[in-house]
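Structure file work-v9.cif (mmCIF, C-alpha atoms) is printed below.
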```
data_target
#
loop_
_atom_site.label_atom_id
_atom_site.label_comp_id
_atom_site.auth_asym_id
_atom_site.auth_seq_id
_atom_site.Cartn_x
_atom_site.Cartn_y
_atom_site.Cartn_z
CA MET A 1 9.51 -11.38 13.25
CA ARG A 2 8.89 -10.30 16.82
CA ALA A 3 7.52 -6.94 15.74
CA SER A 4 5.02 -8.47 13.32
CA ASN A 5 4.02 -11.18 15.80
CA HIS A 6 3.52 -8.68 18.58
CA LEU A 7 1.46 -6.50 16.25
CA ILE A 8 -0.76 -9.37 15.13
CA GLY A 9 -1.20 -10.38 18.74
CA LEU A 10 -2.29 -6.87 19.60
CA LEU A 11 -4.63 -6.68 16.62
CA ASN A 12 -6.20 -10.01 17.49
CA PHE A 13 -6.79 -8.86 21.05
CA LEU A 14 -8.48 -5.78 19.58
CA THR A 15 -10.49 -8.00 17.24
CA PHE A 16 -11.50 -10.10 20.24
CA LEU A 17 -12.84 -6.96 21.88
CA LEU A 18 -14.59 -5.93 18.65
CA SER A 19 -16.35 -9.29 18.50
CA LEU A 20 -18.32 -8.15 21.53
CA PRO A 21 -20.17 -5.39 19.59
CA ILE A 22 -21.01 -7.95 16.86
CA ILE A 23 -22.52 -10.29 19.44
CA GLY A 24 -24.13 -7.32 21.16
CA GLY A 25 -25.65 -6.21 17.85
CA GLY A 26 -27.13 -9.67 17.37
CA ILE A 27 -28.55 -9.66 20.89
CA TRP A 28 -29.95 -6.17 20.30
CA LEU A 29 -31.64 -7.33 17.09
CA SER A 30 -32.98 -10.34 18.97
CA SER A 31 -34.47 -8.12 21.67
CA ARG A 32 -36.08 -5.89 19.05
CA ALA A 33 -37.37 -8.97 17.21
CA ASN A 34 -39.36 -9.77 20.34
CA THR A 35 -40.69 -6.24 20.88
CA THR A 36 -40.46 -3.75 17.99
CA ASP A 37 -39.11 -5.18 14.73
CA CYS A 38 -40.88 -8.52 15.19
CA LEU A 39 -38.88 -10.33 12.51
CA LYS A 40 -36.52 -13.03 13.73
CA PHE A 41 -34.01 -13.61 10.98
CA LEU A 42 -30.61 -11.92 11.02
CA GLN A 43 -29.77 -11.95 14.72
CA TRP A 44 -28.60 -15.58 14.90
CA PRO A 45 -26.23 -15.43 11.88
CA LEU A 46 -24.81 -12.22 13.35
CA ILE A 47 -24.31 -13.77 16.78
CA GLY A 48 -22.68 -16.78 15.10
CA ILE A 49 -20.25 -14.53 13.23
CA GLY A 50 -19.41 -12.70 16.46
CA VAL A 51 -18.70 -15.90 18.39
CA THR A 52 -16.56 -17.21 15.52
CA VAL A 53 -14.55 -13.97 15.41
CA MET A 54 -13.99 -14.25 19.16
CA ILE A 55 -12.70 -17.84 18.93
CA VAL A 56 -10.55 -17.22 15.86
CA SER A 57 -9.07 -14.07 17.41
CA LEU A 58 -7.93 -16.12 20.39
CA ALA A 59 -6.36 -18.66 18.03
CA GLY A 60 -4.57 -15.91 16.12
CA PHE A 61 -3.41 -14.34 19.36
CA GLY A 62 -1.97 -17.65 20.56
CA GLY A 63 -0.41 -18.44 17.21
CA ALA A 64 1.33 -15.06 17.02
CA CYS A 65 2.55 -14.99 20.62
CA TYR A 66 3.76 -18.60 20.75
CA ARG A 67 4.79 -18.87 17.10
CA ASN A 68 2.47 -21.85 16.69
CA THR A 69 2.19 -22.70 13.00
CA PHE A 70 -0.96 -24.80 13.36
CA LEU A 71 -2.85 -22.03 15.16
CA MET A 72 -1.76 -19.53 12.53
CA TRP A 73 -2.99 -21.90 9.79
CA PHE A 74 -6.29 -22.24 11.62
CA TYR A 75 -6.52 -18.46 12.11
CA LEU A 76 -5.86 -17.62 8.45
CA PHE A 77 -8.13 -20.33 7.08
CA VAL A 78 -11.16 -19.62 9.26
CA MET A 79 -10.77 -15.84 9.25
CA PHE A 80 -10.91 -15.84 5.44
CA PHE A 81 -14.41 -17.31 5.57
CA VAL A 82 -15.43 -15.11 8.51
CA ILE A 83 -14.49 -11.99 6.54
CA GLY A 84 -16.43 -13.33 3.56
CA ALA A 85 -19.47 -14.02 5.74
CA LEU A 86 -19.32 -10.55 7.27
CA VAL A 87 -19.05 -8.94 3.83
CA GLY A 88 -22.03 -11.00 2.69
CA PHE A 89 -24.04 -9.97 5.76
CA ILE A 90 -23.33 -6.27 5.18
CA ILE A 91 -24.16 -6.46 1.46
CA PHE A 92 -27.35 -8.38 2.18
CA ALA A 93 -28.47 -5.98 4.91
CA TYR A 94 -28.00 -2.96 2.64
CA ALA A 95 -29.45 -4.67 -0.45
CA VAL A 96 -32.74 -5.72 1.15
CA THR A 97 -33.21 -2.32 2.81
CA GLU A 98 -32.13 -0.18 -0.13
CA ARG A 99 -35.54 1.21 -1.03
CA GLY A 100 -38.29 2.70 1.06
CA SER A 101 -38.73 5.52 3.54
CA GLY A 102 -41.48 7.50 5.18
CA ARG A 103 -43.39 10.18 3.29
CA PRO A 104 -43.38 13.64 4.91
CA LEU A 105 -46.74 15.24 5.61
CA PRO A 106 -47.72 18.90 5.78
CA ASN A 107 -48.11 20.20 9.34
CA ARG A 108 -47.09 16.83 10.78
CA ALA A 109 -43.94 15.86 12.64
CA TYR A 110 -44.40 12.17 11.81
CA PHE A 111 -44.32 10.37 8.47
CA ASP A 112 -46.77 8.08 6.70
CA TYR A 113 -45.53 4.75 5.35
CA TYR A 114 -46.65 2.94 2.18
CA LEU A 115 -45.84 -0.67 1.30
CA GLN A 116 -45.44 0.12 -2.40
CA ASP A 117 -42.44 2.30 -1.56
CA TYR A 118 -40.54 -0.85 -0.57
CA SER A 119 -39.45 -3.70 -2.78
CA GLY A 120 -37.47 -6.89 -2.88
CA TRP A 121 -37.11 -10.00 -0.80
CA LEU A 122 -37.72 -8.38 2.60
CA ARG A 123 -40.99 -6.78 1.53
CA ASP A 124 -42.24 -10.07 0.09
CA ARG A 125 -41.33 -11.86 3.29
CA VAL A 126 -43.08 -9.34 5.55
CA ALA A 127 -46.13 -9.10 3.29
CA ASP A 128 -46.57 -12.88 3.09
CA ASP A 129 -49.80 -13.76 4.90
CA SER A 130 -48.29 -16.57 6.96
CA TYR A 131 -45.41 -14.39 8.17
CA TRP A 132 -47.55 -11.32 8.68
CA ALA A 133 -49.92 -13.20 10.98
CA LYS A 134 -47.00 -13.81 13.35
CA ILE A 135 -45.49 -10.33 12.89
CA SER A 136 -48.79 -8.48 13.45
CA SER A 137 -49.42 -10.56 16.57
CA CYS A 138 -45.96 -9.60 17.83
CA VAL A 139 -46.62 -5.91 17.13
CA ARG A 140 -49.94 -6.10 18.94
CA ASP A 141 -48.42 -7.88 21.94
CA SER A 142 -45.55 -5.38 22.13
CA GLY A 143 -48.01 -2.71 23.29
CA SER A 144 -46.61 -0.06 20.95
CA CYS A 145 -50.06 1.41 20.31
CA ARG A 146 -51.00 1.48 23.98
CA LYS A 147 -47.81 3.37 24.76
CA ILE A 148 -48.57 6.28 22.43
CA VAL A 149 -51.73 7.23 24.33
CA ARG A 150 -51.19 10.38 26.37
CA THR A 151 -53.47 12.43 28.57
CA VAL A 152 -53.24 16.01 29.78
CA SER A 153 -55.03 16.61 33.07
CA GLY A 154 -56.97 13.41 32.54
CA VAL A 155 -58.14 14.17 28.99
CA PRO A 156 -56.56 13.07 25.67
CA GLU A 157 -53.97 15.36 24.17
CA THR A 158 -55.21 17.77 21.52
CA VAL A 159 -54.95 17.06 17.82
CA ASP A 160 -52.27 19.75 17.40
CA MET A 161 -50.19 18.13 20.11
CA PHE A 162 -50.53 14.77 18.39
CA TYR A 163 -49.60 16.17 14.98
CA HIS A 164 -46.33 17.48 16.41
CA ARG A 165 -45.26 14.18 17.89
CA HIS A 166 -42.41 12.17 16.37
CA LEU A 167 -43.97 8.74 16.00
CA THR A 168 -41.95 5.63 15.24
CA PRO A 169 -42.69 3.90 11.92
CA VAL A 170 -44.68 1.16 13.70
CA GLU A 171 -46.67 3.71 15.72
CA SER A 172 -47.47 5.71 12.60
CA GLY A 173 -48.25 2.74 10.37
CA CYS A 174 -50.08 0.44 12.81
CA CYS A 175 -51.70 2.66 15.46
CA LYS A 176 -53.49 5.27 13.35
CA PRO A 177 -55.19 5.39 9.94
CA PRO A 178 -53.28 6.84 6.98
CA THR A 179 -53.57 10.62 6.82
CA VAL A 180 -55.05 10.42 3.31
CA CYS A 181 -58.20 8.83 4.77
CA GLY A 182 -59.21 12.18 6.26
CA TYR A 183 -60.55 10.68 9.48
CA VAL A 184 -61.19 13.03 12.40
CA TYR A 185 -58.95 12.74 15.45
CA VAL A 186 -60.57 11.65 18.72
CA ASN A 187 -57.46 10.37 20.47
CA GLU A 188 -54.25 8.68 19.39
CA THR A 189 -55.90 5.33 18.62
CA ALA A 190 -59.52 6.36 18.01
CA TRP A 191 -60.67 8.27 14.91
CA ASP A 192 -64.10 9.35 13.67
CA VAL A 193 -64.49 7.72 10.25
CA GLY A 194 -67.56 9.77 9.30
CA GLY A 195 -66.99 11.61 6.02
CA GLY A 196 -63.61 9.98 5.44
CA VAL A 197 -62.36 8.92 2.04
CA VAL A 198 -62.56 5.11 2.03
CA GLY A 199 -62.43 4.31 -1.67
CA GLY A 200 -59.11 5.92 -2.53
CA GLU A 201 -56.91 3.97 -0.12
CA PRO A 202 -57.49 0.29 0.79
CA ASP A 203 -56.05 0.83 4.26
CA CYS A 204 -58.88 3.25 5.04
CA GLY A 205 -61.32 0.35 4.94
CA ARG A 206 -59.02 -1.80 7.07
CA TRP A 207 -58.85 0.69 9.93
CA SER A 208 -60.83 -0.18 13.05
CA ASN A 209 -61.28 1.65 16.35
CA ASP A 210 -61.24 -1.75 18.02
CA GLN A 211 -58.05 -1.60 20.07
CA ASP A 212 -57.24 -5.20 19.16
CA GLN A 213 -57.52 -4.42 15.44
CA LEU A 214 -56.53 -0.78 14.74
CA CYS A 215 -54.46 -0.89 11.55
CA TYR A 216 -52.64 -4.17 12.16
CA ALA A 217 -54.06 -5.54 8.91
CA CYS A 218 -53.01 -2.43 6.95
CA ASP A 219 -50.25 -2.26 4.37
CA SER A 220 -49.08 0.86 6.22
CA CYS A 221 -48.37 -1.32 9.25
CA LYS A 222 -46.27 -3.67 7.13
CA ALA A 223 -44.42 -0.67 5.75
CA GLY A 224 -43.84 0.61 9.29
CA VAL A 225 -42.28 -2.72 10.28
CA LEU A 226 -40.06 -2.57 7.18
CA ALA A 227 -38.97 0.96 8.07
CA ASN A 228 -38.08 -0.17 11.60
CA LEU A 229 -36.10 -3.09 10.23
CA LYS A 230 -34.23 -0.80 7.86
CA LYS A 231 -33.15 1.46 10.72
CA SER A 232 -32.11 -1.46 12.93
CA TRP A 233 -30.15 -3.31 10.26
CA ARG A 234 -28.41 -0.15 9.05
CA LYS A 235 -27.25 0.67 12.58
CA VAL A 236 -25.82 -2.81 13.05
CA SER A 237 -24.18 -2.70 9.60
CA VAL A 238 -22.24 0.46 10.49
CA VAL A 239 -20.66 -1.35 13.44
CA ASN A 240 -19.95 -4.37 11.25
CA ILE A 241 -18.18 -2.25 8.63
CA ILE A 242 -15.81 -0.89 11.29
CA VAL A 243 -15.13 -4.41 12.55
CA LEU A 244 -14.62 -5.65 8.97
CA ILE A 245 -11.90 -3.05 8.34
CA VAL A 246 -10.03 -4.12 11.47
CA LEU A 247 -10.42 -7.79 10.52
CA VAL A 248 -8.96 -7.23 7.05
CA VAL A 249 -5.97 -5.32 8.44
CA SER A 250 -5.45 -8.03 11.06
CA TYR A 251 -5.67 -10.71 8.39
CA VAL A 252 -3.03 -9.08 6.19
CA ILE A 253 -0.61 -8.64 9.08
CA GLY A 254 -1.43 -12.15 10.28
CA TYR A 255 -0.43 -13.52 6.91
CA ALA A 256 2.89 -11.62 7.14
CA ALA A 257 3.48 -13.04 10.63
CA PHE A 258 2.69 -16.54 9.39
CA ARG A 259 5.22 -16.24 6.57
CA ASN A 260 7.82 -15.06 9.08
CA ASN A 261 7.15 -18.11 11.24
CA ARG A 262 7.48 -20.44 8.26
CA ARG A 263 10.74 -18.77 7.16
CA ILE A 264 12.27 -19.09 10.61
CA ASP A 265 11.15 -22.71 10.95
CA ASN A 266 12.76 -23.51 7.59
CA ASP A 267 16.01 -21.72 8.48
CA GLU A 268 16.55 -23.41 11.86
CA PRO A 269 17.88 -26.76 10.52
CA ALA A 270 20.21 -24.97 8.14
CA SER A 271 21.54 -22.79 10.95
CA THR A 272 22.19 -25.83 13.08
CA ALA A 273 24.05 -27.46 10.23
CA ARG A 274 26.19 -24.36 9.70
CA MET A 275 27.11 -24.32 13.41
CA THR A 276 28.19 -27.97 13.21
CA LYS A 277 30.39 -27.31 10.21
CA SER A 278 32.01 -24.31 11.90
CA LYS A 279 33.30 -26.35 14.91
CA PRO A 280 37.14 -26.64 15.14
CA GLY A 281 38.59 -29.85 13.80
CA TRP A 282 40.02 -31.00 17.17
CA PHE A 283 36.44 -31.53 18.48
CA ASN A 284 36.19 -34.47 16.06
CA VAL A 285 39.32 -36.20 17.35
#
```

If you took the structure in this file and wrote it as structure tokens, what would it be?
Amino acid sequence: MRASNHLIGLLNFLTFLLSLPIIGGGIWLSSRANTTDCLKFLQWPLIGIGVTVMIVSLAGFGGACYRNTFLMWFYLFVMFFVIGALVGFIIFAYAVTERGSGRPLPNRAYFDYYLQDYSGWLRDRVADDSYWAKISSCVRDSGSCRKIVRTVSGVPETVDMFYHRHLTPVESGCCKPPTVCGYVYVNETAWDVGGGVVGGEPDCGRWSNDQDQLCYACDSCKAGVLANLKKSWRKVSVVNIIVLIVLVVSYVIGYAAFRNNRRIDNDEPASTARMTKSKPGWFNV
């Protein structure tokens, strides 16, 4: 009993420590929601799961160390639903980001992004006009396009230098026209549209050299936001999978410790009775 209780106590202390990366992942998503990803959705459920894991881990730690049956009941009951919620979060994060990635371009270090390459609930949410108005405003206010502007000795970098830059999905999708448009490079956020192919790609007609417009209304910008979200959510999901494995192991051992506590509690009255019966007869005189 002591060995299993000590082990569950140790595992719950470890789980308590692992709840910090879950909360940290939620805070990280929240910070990106205000700057880069611009979609506030999953960070609060993730933070809630992390806080719950922290509280339940403390309950399991106390229940194991002090052999408190109520705390162990509470630990097992709540942790079952926490594990289920974490599994659901991981499945959801992978399911909604399953499809879609950047398209490689010849003689370019960056990728182009197309909305039709993505599908499902997340694409529909981002592409919805009411949501996109808020998201595009967030992308504009984040200053991502202003940050990609570089100068060399006071003049814009050359087109070859720009082509060899590794742009983020938002920078590629929102701050420049799609490569298929054939526009001529002036600087990172200004392109000569003369002679470009406008009819073949709707985004070509949406591009504007106005620094407040650029390609924020383009489908490529929506695709860039989706690509950013995919990267962010996948990174957080990797951490959550590691935490989930530890939680399941802790839960199994916690159940074994709980059964040990119940067995000992049930044996104590019988042991006391056996001791009474074993007293010598002259004690009853």

Could you tell me how far atom CA of A:Tyr255 sits from atom CA of A:Phe77, in Å to one decimal place?
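Going from atom CA of A:Phe77 over to atom CA of A:Tyr255, I get 10.3 Å.
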
Nearest to A:Asp129: which of A:Val248, A:Asp219, A:Val238, A:Phe16 is it, counting all atoms listed in the file?
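Counting all atoms listed in the file, the residue closest to A:Asp129 is A:Asp219.
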
Record the distance separating atom CA of A:Ile245 and atom CA of A:Ser101, expressed in Å with one decimal.
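Distance between the two atoms: 28.6 Å.
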
Residues selected by the PyMOL selection byres ((chain A and resi 111) around 12), written as a tab-separated table (two decimals) with C-alpha atoms, in the frame of the given file:
```tsv
chain	number	residue	atom	x	y	z
A	101	SER	CA	-38.73	5.52	3.54
A	102	GLY	CA	-41.48	7.50	5.18
A	103	ARG	CA	-43.39	10.18	3.29
A	104	PRO	CA	-43.38	13.64	4.91
A	105	LEU	CA	-46.74	15.24	5.61
A	106	PRO	CA	-47.72	18.90	5.78
A	107	ASN	CA	-48.11	20.20	9.34
A	108	ARG	CA	-47.09	16.83	10.78
A	109	ALA	CA	-43.94	15.86	12.64
A	110	TYR	CA	-44.40	12.17	11.81
A	112	ASP	CA	-46.77	8.08	6.70
A	113	TYR	CA	-45.53	4.75	5.35
A	114	TYR	CA	-46.65	2.94	2.18
A	163	TYR	CA	-49.60	16.17	14.98
A	164	HIS	CA	-46.33	17.48	16.41
A	165	ARG	CA	-45.26	14.18	17.89
A	166	HIS	CA	-42.41	12.17	16.37
A	167	LEU	CA	-43.97	8.74	16.00
A	168	THR	CA	-41.95	5.63	15.24
A	169	PRO	CA	-42.69	3.90	11.92
A	170	VAL	CA	-44.68	1.16	13.70
A	171	GLU	CA	-46.67	3.71	15.72
A	172	SER	CA	-47.47	5.71	12.60
A	173	GLY	CA	-48.25	2.74	10.37
A	176	LYS	CA	-53.49	5.27	13.35
A	178	PRO	CA	-53.28	6.84	6.98
A	179	THR	CA	-53.57	10.62	6.82
A	180	VAL	CA	-55.05	10.42	3.31
A	220	SER	CA	-49.08	0.86	6.22
A	223	ALA	CA	-44.42	-0.67	5.75
A	224	GLY	CA	-43.84	0.61	9.29
A	227	ALA	CA	-38.97	0.96	8.07
```

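Atom CA of A:Lys230 lies 24.5 Å from atom CA of A:Glu201.
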
Excluding A:Leu58 and its own-chain neighbours fewer than 5 positions away, which residues fall within 10 Å of it when counting all atoms listed in the file? Please give them as a ChimeraX atom specification.
/A:9,12-13,15-16,52-53,63-64,71,75

Apply the PyMOL selection byres ((chain A and resi 19) around 6) to the displayed file and report the matching residues as a list in words.
Phe16, Leu17, Leu18, Leu20, Pro21, Ile22, Gly50, Val53 and Met54 of chain A

Quick check on the file I pasted: which residues fall under the PyMOL selection byres ((chain A and resi 139) around 12)? Write them as a PyMOL selection string.
chain A and resi 32-39+132-138+140-146+169-171+173-175+212-217+221-222+224-225+228

Just C-alpha atoms for this one: save the residues we selected as a PDB file, in the frame of the given file.
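Contents of again_36.pdb, freshly written:
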```pdb
ATOM      1  CA  ARG A  32     -36.080  -5.890  19.050  1.00  0.00           C
ATOM      2  CA  ALA A  33     -37.370  -8.970  17.210  1.00  0.00           C
ATOM      3  CA  ASN A  34     -39.360  -9.770  20.340  1.00  0.00           C
ATOM      4  CA  THR A  35     -40.690  -6.240  20.880  1.00  0.00           C
ATOM      5  CA  THR A  36     -40.460  -3.750  17.990  1.00  0.00           C
ATOM      6  CA  ASP A  37     -39.110  -5.180  14.730  1.00  0.00           C
ATOM      7  CA  CYS A  38     -40.880  -8.520  15.190  1.00  0.00           C
ATOM      8  CA  LEU A  39     -38.880 -10.330  12.510  1.00  0.00           C
ATOM      9  CA  TRP A 132     -47.550 -11.320   8.680  1.00  0.00           C
ATOM     10  CA  ALA A 133     -49.920 -13.200  10.980  1.00  0.00           C
ATOM     11  CA  LYS A 134     -47.000 -13.810  13.350  1.00  0.00           C
ATOM     12  CA  ILE A 135     -45.490 -10.330  12.890  1.00  0.00           C
ATOM     13  CA  SER A 136     -48.790  -8.480  13.450  1.00  0.00           C
ATOM     14  CA  SER A 137     -49.420 -10.560  16.570  1.00  0.00           C
ATOM     15  CA  CYS A 138     -45.960  -9.600  17.830  1.00  0.00           C
ATOM     16  CA  ARG A 140     -49.940  -6.100  18.940  1.00  0.00           C
ATOM     17  CA  ASP A 141     -48.420  -7.880  21.940  1.00  0.00           C
ATOM     18  CA  SER A 142     -45.550  -5.380  22.130  1.00  0.00           C
ATOM     19  CA  GLY A 143     -48.010  -2.710  23.290  1.00  0.00           C
ATOM     20  CA  SER A 144     -46.610  -0.060  20.950  1.00  0.00           C
ATOM     21  CA  CYS A 145     -50.060   1.410  20.310  1.00  0.00           C
ATOM     22  CA  ARG A 146     -51.000   1.480  23.980  1.00  0.00           C
ATOM     23  CA  PRO A 169     -42.690   3.900  11.920  1.00  0.00           C
ATOM     24  CA  VAL A 170     -44.680   1.160  13.700  1.00  0.00           C
ATOM     25  CA  GLU A 171     -46.670   3.710  15.720  1.00  0.00           C
ATOM     26  CA  GLY A 173     -48.250   2.740  10.370  1.00  0.00           C
ATOM     27  CA  CYS A 174     -50.080   0.440  12.810  1.00  0.00           C
ATOM     28  CA  CYS A 175     -51.700   2.660  15.460  1.00  0.00           C
ATOM     29  CA  ASP A 212     -57.240  -5.200  19.160  1.00  0.00           C
ATOM     30  CA  GLN A 213     -57.520  -4.420  15.440  1.00  0.00           C
ATOM     31  CA  LEU A 214     -56.530  -0.780  14.740  1.00  0.00           C
ATOM     32  CA  CYS A 215     -54.460  -0.890  11.550  1.00  0.00           C
ATOM     33  CA  TYR A 216     -52.640  -4.170  12.160  1.00  0.00           C
ATOM     34  CA  ALA A 217     -54.060  -5.540   8.910  1.00  0.00           C
ATOM     35  CA  CYS A 221     -48.370  -1.320   9.250  1.00  0.00           C
ATOM     36  CA  LYS A 222     -46.270  -3.670   7.130  1.00  0.00           C
ATOM     37  CA  GLY A 224     -43.840   0.610   9.290  1.00  0.00           C
ATOM     38  CA  VAL A 225     -42.280  -2.720  10.280  1.00  0.00           C
ATOM     39  CA  ASN A 228     -38.080  -0.170  11.600  1.00  0.00           C
TER      40      ASN A 228
END
```

Please enclose the listed atoms of stretch 136-150 of chain A in an axis-aligned box, pad each side by 3 Å, and write out the centre and the three edge lengths in Å, rounded to one decimal, as AutoDock Vina command-line options.
```
--center_x -48.6 --center_y -0.1 --center_z 19.9 --size_x 12.2 --size_y 26.9 --size_z 18.9
```

Mind checking which residues fall within 10 Å of A:Ala95, counting all atoms listed in the file, ignoring those fewer than 5 positions away in the same chain, and posting them as a list in words?
Phe89, Ile90, Gly120, Trp121 and Leu122 of chain A
